Amino acid sequence: MRASSANSVARINIPASLQIGGGAISLVGMEADRLGMKRVLIVSDPYMTKSGLPELVGGILNESGISSTVFGEVQPDPTIQNVVNGLDALRDFGSDGLVAVGGGSSIDAAKAISILAMNDGPLSEYMGYDRIPFAGLPLIAVPTTAGTGSECTKVTVITDSSTNIKMMLLDPHLLPSAAIVDYQLTMTMPQALTAHVGVDTLTHGMEAYVSAKANSMTDVLALSCIGLVGRNLLTAWADPENLSAREGMMLAASQGGMAFSNSSVCLVHGMSRPLGAAFHIAHGLSNAMLLPSVTEFSILGAPDRYAKVAATLGWSIPTDSVETSCVKLVEGLSKLNADLKVPKLSDCDISRLDLENQLGKMAKDALASGSPQNNPTVPDEMAISDLYRRAF
Ligand SMILES: NC(=O)c1ccc[n+]([C@@H]2O[C@H](COP(=O)([O-])OP(=O)(O)OC[C@H]3O[C@@H](n4cnc5c(N)ncnc54)[C@H](O)[C@@H]3O)[C@@H](O)[C@H]2O)c1
Ligand SMILES: [Fe+2]
């Protein structure tokens with residue numbers, strides 16, 4: 001039964017402050033000051049650090065009398081080691097707050113650093129739902145991809161390199177204290193990144209909407225996210241300078257984050273994390289590879305909801321039956337991947353044998369994450385293995 005039924009309660013957590021719009025980055029000093037920050041650790045990745053954006057953020061903080069230092073070592077799909085190094089940097093500088101500048105990886109790493117500054121850890125002990133004892137240091141999230149929506153979620157995903165597992169932690173303590181959602185920071189995204197993070201956003205909206213944990217608050221956010229993706233993703237990809245498409249995708253990303261973090265992700269994300277960990281495929285790309293076939297598999301569990309997704313994307317017409325709408329949805333998702341030049345697994349230097357060798361662990365890890373259990377159609381290990389094969 002969905003969480004919106006009368007006898008269940010939906011818990012909604014979102015950041016206390018969102019600054020949304022072009023140029024919002026200029027408000028980062030004001031937000032940091034409001035949060036009482038005096039010495040800030042700016043968390044970012046090597047590419048962004050080279051781009052100069054973290055330094056620019058440091059300059060804005062300085063104008064508010066706040067000193068800062070940059071920790072710019074976060075790698076895509078951040079690891080425990082990234083977090084430990086960031087924590088050392090935070091302690092060395094005596095920081096009382098953090099500003100994350102970058103994609104989901106930088107924001108997720110900053111969330112984990114903030115938590116470990118106030119909790120003994122280790123991080124693996126907090127894996128799963130609601131396991132973090134104390135709030136972390138205040139964190140301002142400044143996303144530069146559109147995207148994961150991590151700026152609005154109570155989730156962090158950190159890879160344990162010793163087990164090759166992408167650990168998911170979900171806890172209200174992981175919500176940023178504030179988010180600066182400035183689409184102008186996404187204008188530099190190259191086409192492939194725009195495509196992959198854009199399909200990640202769509203997957204957040206779709207999975208939040210079809211999840212067994214969907215509720216009346218997340219439905220609104222999820223459908224709005226899906227509609228924005230339908231109207232803007234292809235334009236943002238084909239015309240990267242298009243301000244209104246970039247703005248639409250940024251809004252979609254934050255709405256998708258709010259939606260899934262208060263509903264859940266489902267089978268696509270459940271399968272995507274082990275796939276990404278096994279073959280070092282970026283999060284958005286591994287979701288995109290799986291989305292069409294996993295949707296086809298899942299439709300029978302919630303056909304009306306999937307038909308609504310097709311209509312919201314603008315891929316069906318009002319006179320279409322539910323069945324026809326669902327067919328159009330699966331076709332549309334495959335076409336979207338083709339239009340956005342999303343590769344298949346077989347295009348990524350991965351052989352069938354490589355895949356077969358990893359199937360058992362990936363399927364087990366997918367089920368262990370808990371996400372597939374929220375899916376409209378709940379798979380067993382064999383069904384998951386089959387779905388991996390179909391993404392090849
Ligand atoms: N916490 C959550 O709620 C949540 C949700 C979904 C995904 N995630 C996690 O987020 C991570 C993926 O984040 P992501 O997809 O945003 O990518 P990312 O942060 O890994 O960044 C990917 C690359 O894009 C570059 N980049 C970032 N912004 C750019 C810009 N404006 N222009 C040019 N290049 C830019 C980065 O430097 C990096 O090299 C994964 O680890 C995933 O598991 C977290
Ligand atoms: Fe995602």
# chains A, B, ... in the order shown; residues from 1 in each chain; ligands from 1
$ residues_near_ligand --ligand "ligand 2" --cutoff "9 Å" --atoms "only C-alpha atoms and all ligand atoms" --output "list in words"
Gly104, Gly147, Thr148, Gly149, Ser150, Val197, Val199, Asp200, Thr201, Leu202, Thr203, His204, Gly257, Val265, Val268, His269, Ser272, His283, Gly284 and Asn287 of chain A
$ write_last_selection --atoms "C-alpha atoms" --output "tab-separated table (two decimals), in the first residue's frame"
chain	number	residue	atom	x	y	z
A	104	GLY	CA	26.79	14.99	-6.38
A	147	GLY	CA	21.87	16.45	-11.49
A	148	THR	CA	21.66	14.34	-8.51
A	149	GLY	CA	19.56	16.71	-6.42
A	150	SER	CA	21.91	15.86	-3.53
A	197	VAL	CA	23.02	13.62	-15.04
A	199	VAL	CA	18.66	10.97	-17.12
A	200	ASP	CA	19.64	10.53	-13.45
A	201	THR	CA	17.22	13.37	-12.65
A	202	LEU	CA	14.49	11.74	-14.72
A	203	THR	CA	15.12	8.44	-12.93
A	204	HIS	CA	14.75	10.18	-9.56
A	257	GLY	CA	16.05	15.08	-5.16
A	265	VAL	CA	14.51	5.20	-5.37
A	268	VAL	CA	17.11	1.25	-11.36
A	269	HIS	CA	19.16	2.81	-8.57
A	272	SER	CA	22.94	1.01	-10.85
A	283	HIS	CA	26.20	7.11	-11.63
A	284	GLY	CA	24.04	8.92	-14.19
A	287	ASN	CA	21.14	4.62	-14.47
$ residues_near_ligand --ligand "ligand 1" --cutoff "8 Å" --atoms "only C-alpha atoms and all ligand atoms" --output "number ranges by chain"
A: 45-48, 75-78, 102-108, 143-159, 166, 185-190, 193, 196-197, 200, 204, 257, 261, 273, 282-284
$ residues_around --residues "A:Asp33" --least-positions-apart "3" --cutoff "9 Å" --atoms "only C-alpha atoms" --output "ChimeraX atom specification"
/A:28-30,36-38,61,64-66
$ atom_distance --atom1 "atom CA of A:Pro176" --atom2 "atom CA of A:Ala278"
29.2 Å
$ select_by_dssp --residues "stretch 139-358 of chain A" --states "alpha helix (DSSP H)" --output "VMD selection string"
chain A and resid 191 to 210 216 to 238 243 to 262 267 to 279 283 to 298 303 to 313 322 to 339 352 to 358
$ select_by_dssp --residues "stretch 13-187 of chain A" --states "strand (DSSP E)" --output "PyMOL selection string"
chain A and resi 17-20+39-43+67-71+97-102+128-129+139-143+155-160+165-170+178-181
$ residues_around --residues "A:Ile42" --least-positions-apart "6" --cutoff "8 Å" --atoms "only C-alpha atoms" --output "PyMOL selection string"
chain A and resi 54+58+68-72+98-101
$ write_last_selection --atoms "C-alpha atoms" --output "CSV table (one decimal), in the first residue's frame"
chain,number,residue,atom,x,y,z
A,54,PRO,CA,35.8,27.1,-5.4
A,58,GLY,CA,36.1,31.7,-1.2
A,68,SER,CA,38.1,29.4,4.0
A,69,THR,CA,40.4,26.8,2.5
A,70,VAL,CA,39.7,24.4,-0.4
A,71,PHE,CA,39.8,20.7,-0.2
A,72,GLY,CA,39.6,19.8,-3.9
A,98,LEU,CA,31.5,23.4,5.0
A,99,VAL,CA,30.5,24.6,1.5
A,100,ALA,CA,30.3,21.9,-1.1
A,101,VAL,CA,30.9,23.1,-4.7
$ residues_around --residues "stretch 235-242 of chain A" --least-positions-apart "5" --cutoff "7 Å" --atoms "only C-alpha atoms" --output "short mmCIF file (atom, residue, chain, number, x, y, z; two decimals) with N, CA and C atoms, in the first residue's frame"
data_model
loop_
_atom_site.label_atom_id
_atom_site.label_comp_id
_atom_site.auth_asym_id
_atom_site.auth_seq_id
_atom_site.Cartn_x
_atom_site.Cartn_y
_atom_site.Cartn_z
N MET A 187 26.21 25.77 -16.79
CA MET A 187 26.32 26.09 -18.22
C MET A 187 27.55 25.44 -18.87
N GLN A 191 28.26 17.90 -23.26
CA GLN A 191 27.04 17.19 -23.65
C GLN A 191 26.85 15.86 -22.92
N THR A 194 25.76 16.40 -19.37
CA THR A 194 24.37 16.90 -19.37
C THR A 194 23.40 15.73 -19.56
N ALA A 195 23.75 14.83 -20.49
CA ALA A 195 22.88 13.68 -20.77
C ALA A 195 22.78 12.76 -19.56
#
$ residues_around --residues "A:Ala259" --least-positions-apart "4" --cutoff "8 Å" --atoms "only C-alpha atoms" --output "MDAnalysis selection string"
chainID A and resid 204:205 208:209 217:219 221:222 255 263:264
$ residues_around --residues "A:Tyr306" --least-positions-apart "3" --cutoff "8 Å" --atoms "only C-alpha atoms" --output "list in words"
Val210, Ile299, Ala302, Pro303, Val309, Ala310, Ser325, Cys326 and Leu329 of chain A
$ write_last_selection --atoms "N, CA and C atoms" --output "JSON list (two decimals), in the first residue's frame"
[["chain", "number", "residue", "atom", "x", "y", "z"],
["A", 210, "VAL", "N", 6.79, 6.02, -8.76],
["A", 210, "VAL", "CA", 6.26, 4.64, -8.81],
["A", 210, "VAL", "C", 6.58, 3.85, -7.54],
["A", 299, "ILE", "N", 6.62, -2.23, -15.23],
["A", 299, "ILE", "CA", 5.34, -1.60, -15.57],
["A", 299, "ILE", "C", 4.12, -2.33, -15.00],
["A", 302, "ALA", "N", 2.63, -1.18, -11.68],
["A", 302, "ALA", "CA", 1.98, 0.14, -11.48],
["A", 302, "ALA", "C", 1.67, 0.78, -12.84],
["A", 303, "PRO", "N", 0.86, 0.09, -13.67],
["A", 303, "PRO", "CA", 0.65, 0.59, -15.05],
["A", 303, "PRO", "C", 0.07, 2.00, -15.10],
["A", 309, "VAL", "N", 3.39, 8.92, -16.18],
["A", 309, "VAL", "CA", 4.75, 9.39, -16.48],
["A", 309, "VAL", "C", 4.87, 9.68, -17.99],
["A", 310, "ALA", "N", 4.35, 8.76, -18.81],
["A", 310, "ALA", "CA", 4.42, 8.96, -20.27],
["A", 310, "ALA", "C", 3.70, 10.25, -20.66],
["A", 325, "SER", "N", 0.11, 3.80, -23.57],
["A", 325, "SER", "CA", 0.97, 4.81, -22.95],
["A", 325, "SER", "C", 2.24, 4.17, -22.40],
["A", 326, "CYS", "N", 2.09, 2.99, -21.79],
["A", 326, "CYS", "CA", 3.26, 2.32, -21.21],
["A", 326, "CYS", "C", 4.22, 1.85, -22.31],
["A", 329, "LEU", "N", 6.07, 4.77, -23.37],
["A", 329, "LEU", "CA", 7.07, 5.19, -22.38],
["A", 329, "LEU", "C", 8.38, 4.44, -22.59]]
$ atom_distance --atom1 "atom CA of A:Ala311" --atom2 "atom CA of A:Ala366"
29.6 Å
$ atom_distance --atom1 "atom CA of A:Trp315" --atom2 "atom CA of A:Pro372"
26.0 Å
$ closest_residue --among "A:Tyr388, A:Phe297, A:Tyr183, A:Phe134" --to "A:Ser244" --atoms "only C-alpha atoms"
A:Tyr183
$ closest_atom_pairs --of "stretch 282-316 of chain A" --to "stretch 345-357 of chain A" --cutoff "10 Å" --atoms "only C-alpha atoms" --output "CSV"
residue,atom,partner,partner_atom,distance
A:Leu285,CA,A:Leu345,CA,9.7
A:Ser286,CA,A:Leu345,CA,8.5
A:Met289,CA,A:Leu345,CA,7.1
A:Leu290,CA,A:Leu345,CA,9.4
$ closest_residue --among "A:Ala338, A:Leu275, A:Leu333, A:Leu223" --to "A:Lys308" --atoms "only C-alpha atoms"
A:Leu223
$ decode --residues "stretch 88-124 of chain A" --atoms "N, CA and C atoms" --output "mmCIF file, in the first residue's frame"
data_model
loop_
_atom_site.group_PDB
_atom_site.id
_atom_site.type_symbol
_atom_site.label_atom_id
_atom_site.label_comp_id
_atom_site.auth_asym_id
_atom_site.auth_seq_id
_atom_site.Cartn_x
_atom_site.Cartn_y
_atom_site.Cartn_z
ATOM 1 N N ASP A 88 40.503 15.288 7.688
ATOM 2 C CA ASP A 88 41.822 15.780 8.143
ATOM 3 C C ASP A 88 41.968 17.258 7.787
ATOM 4 N N ALA A 89 41.583 17.605 6.555
ATOM 5 C CA ALA A 89 41.708 19.005 6.108
ATOM 6 C C ALA A 89 40.826 19.910 6.968
ATOM 7 N N LEU A 90 39.641 19.416 7.283
ATOM 8 C CA LEU A 90 38.708 20.195 8.115
ATOM 9 C C LEU A 90 39.304 20.455 9.501
ATOM 10 N N ARG A 91 39.891 19.421 10.071
ATOM 11 C CA ARG A 91 40.471 19.560 11.433
ATOM 12 C C ARG A 91 41.712 20.442 11.395
ATOM 13 N N ASP A 92 42.533 20.264 10.357
ATOM 14 C CA ASP A 92 43.748 21.099 10.241
ATOM 15 C C ASP A 92 43.387 22.582 10.205
ATOM 16 N N PHE A 93 42.303 22.900 9.515
ATOM 17 C CA PHE A 93 41.931 24.313 9.343
ATOM 18 C C PHE A 93 41.052 24.816 10.490
ATOM 19 N N GLY A 94 40.604 23.891 11.326
ATOM 20 C CA GLY A 94 39.715 24.277 12.433
ATOM 21 C C GLY A 94 38.375 24.785 11.933
ATOM 22 N N SER A 95 37.825 24.097 10.931
ATOM 23 C CA SER A 95 36.580 24.583 10.299
ATOM 24 C C SER A 95 35.371 24.385 11.187
ATOM 25 N N ASP A 96 34.444 25.324 11.076
ATOM 26 C CA ASP A 96 33.169 25.212 11.796
ATOM 27 C C ASP A 96 31.998 25.070 10.824
ATOM 28 N N GLY A 97 32.307 24.887 9.548
ATOM 29 C CA GLY A 97 31.247 24.707 8.554
ATOM 30 C C GLY A 97 31.844 24.328 7.219
ATOM 31 N N LEU A 98 30.974 23.849 6.310
ATOM 32 C CA LEU A 98 31.450 23.401 4.997
ATOM 33 C C LEU A 98 30.600 24.002 3.888
ATOM 34 N N VAL A 99 31.241 24.255 2.750
ATOM 35 C CA VAL A 99 30.502 24.596 1.534
ATOM 36 C C VAL A 99 30.942 23.602 0.465
ATOM 37 N N ALA A 100 30.006 22.827 -0.079
ATOM 38 C CA ALA A 100 30.329 21.878 -1.150
ATOM 39 C C ALA A 100 30.072 22.554 -2.485
ATOM 40 N N VAL A 101 31.067 22.518 -3.372
ATOM 41 C CA VAL A 101 30.932 23.142 -4.690
ATOM 42 C C VAL A 101 31.237 22.083 -5.738
ATOM 43 N N GLY A 102 30.232 21.616 -6.452
ATOM 44 C CA GLY A 102 30.468 20.601 -7.471
ATOM 45 C C GLY A 102 29.232 19.758 -7.701
ATOM 46 N N GLY A 103 29.457 18.591 -8.298
ATOM 47 C CA GLY A 103 28.342 17.681 -8.545
ATOM 48 C C GLY A 103 27.993 16.887 -7.295
ATOM 49 N N GLY A 104 27.213 15.830 -7.497
ATOM 50 C CA GLY A 104 26.793 14.992 -6.380
ATOM 51 C C GLY A 104 27.970 14.433 -5.602
ATOM 52 N N SER A 105 29.076 14.183 -6.294
ATOM 53 C CA SER A 105 30.227 13.582 -5.600
ATOM 54 C C SER A 105 30.773 14.534 -4.535
ATOM 55 N N SER A 106 30.964 15.798 -4.898
ATOM 56 C CA SER A 106 31.492 16.757 -3.922
ATOM 57 C C SER A 106 30.493 16.976 -2.788
ATOM 58 N N ILE A 107 29.224 17.060 -3.137
ATOM 59 C CA ILE A 107 28.204 17.303 -2.097
ATOM 60 C C ILE A 107 28.114 16.098 -1.157
ATOM 61 N N ASP A 108 28.129 14.896 -1.734
ATOM 62 C CA ASP A 108 28.047 13.692 -0.895
ATOM 63 C C ASP A 108 29.259 13.569 0.024
ATOM 64 N N ALA A 109 30.449 13.854 -0.524
ATOM 65 C CA ALA A 109 31.655 13.769 0.301
ATOM 66 C C ALA A 109 31.568 14.778 1.443
ATOM 67 N N ALA A 110 31.121 15.996 1.131
ATOM 68 C CA ALA A 110 31.013 17.035 2.168
ATOM 69 C C ALA A 110 30.016 16.620 3.247
ATOM 70 N N LYS A 111 28.904 16.001 2.846
ATOM 71 C CA LYS A 111 27.926 15.529 3.839
ATOM 72 C C LYS A 111 28.595 14.546 4.805
ATOM 73 N N ALA A 112 29.352 13.608 4.242
ATOM 74 C CA ALA A 112 29.985 12.582 5.084
ATOM 75 C C ALA A 112 31.050 13.206 5.985
ATOM 76 N N ILE A 113 31.815 14.169 5.448
ATOM 77 C CA ILE A 113 32.841 14.840 6.271
ATOM 78 C C ILE A 113 32.155 15.564 7.428
ATOM 79 N N SER A 114 31.085 16.258 7.103
ATOM 80 C CA SER A 114 30.359 17.015 8.137
ATOM 81 C C SER A 114 29.855 16.082 9.242
ATOM 82 N N ILE A 115 29.368 14.916 8.860
ATOM 83 C CA ILE A 115 28.865 13.952 9.846
ATOM 84 C C ILE A 115 29.995 13.404 10.712
ATOM 85 N N LEU A 116 31.122 13.049 10.065
ATOM 86 C CA LEU A 116 32.222 12.455 10.834
ATOM 87 C C LEU A 116 32.920 13.482 11.731
ATOM 88 N N ALA A 117 32.691 14.771 11.448
ATOM 89 C CA ALA A 117 33.252 15.795 12.344
ATOM 90 C C ALA A 117 32.558 15.757 13.705
ATOM 91 N N MET A 118 31.340 15.241 13.770
ATOM 92 C CA MET A 118 30.563 15.278 15.020
ATOM 93 C C MET A 118 30.142 13.885 15.511
ATOM 94 N N ASN A 119 30.536 12.837 14.778
ATOM 95 C CA ASN A 119 30.186 11.463 15.160
ATOM 96 C C ASN A 119 31.439 10.601 15.054
ATOM 97 N N ASP A 120 31.535 9.579 15.914
ATOM 98 C CA ASP A 120 32.761 8.789 15.958
ATOM 99 C C ASP A 120 32.974 7.902 14.740
ATOM 100 N N GLY A 121 31.900 7.510 14.067
ATOM 101 C CA GLY A 121 32.032 6.622 12.921
ATOM 102 C C GLY A 121 32.349 5.208 13.346
ATOM 103 N N PRO A 122 32.875 4.342 12.455
ATOM 104 C CA PRO A 122 33.158 4.629 11.060
ATOM 105 C C PRO A 122 31.879 4.818 10.245
ATOM 106 N N LEU A 123 32.069 5.357 9.043
ATOM 107 C CA LEU A 123 30.927 5.669 8.186
ATOM 108 C C LEU A 123 30.073 4.428 7.907
ATOM 109 N N SER A 124 30.751 3.276 7.772
ATOM 110 C CA SER A 124 30.014 2.046 7.413
ATOM 111 C C SER A 124 28.975 1.706 8.489
#
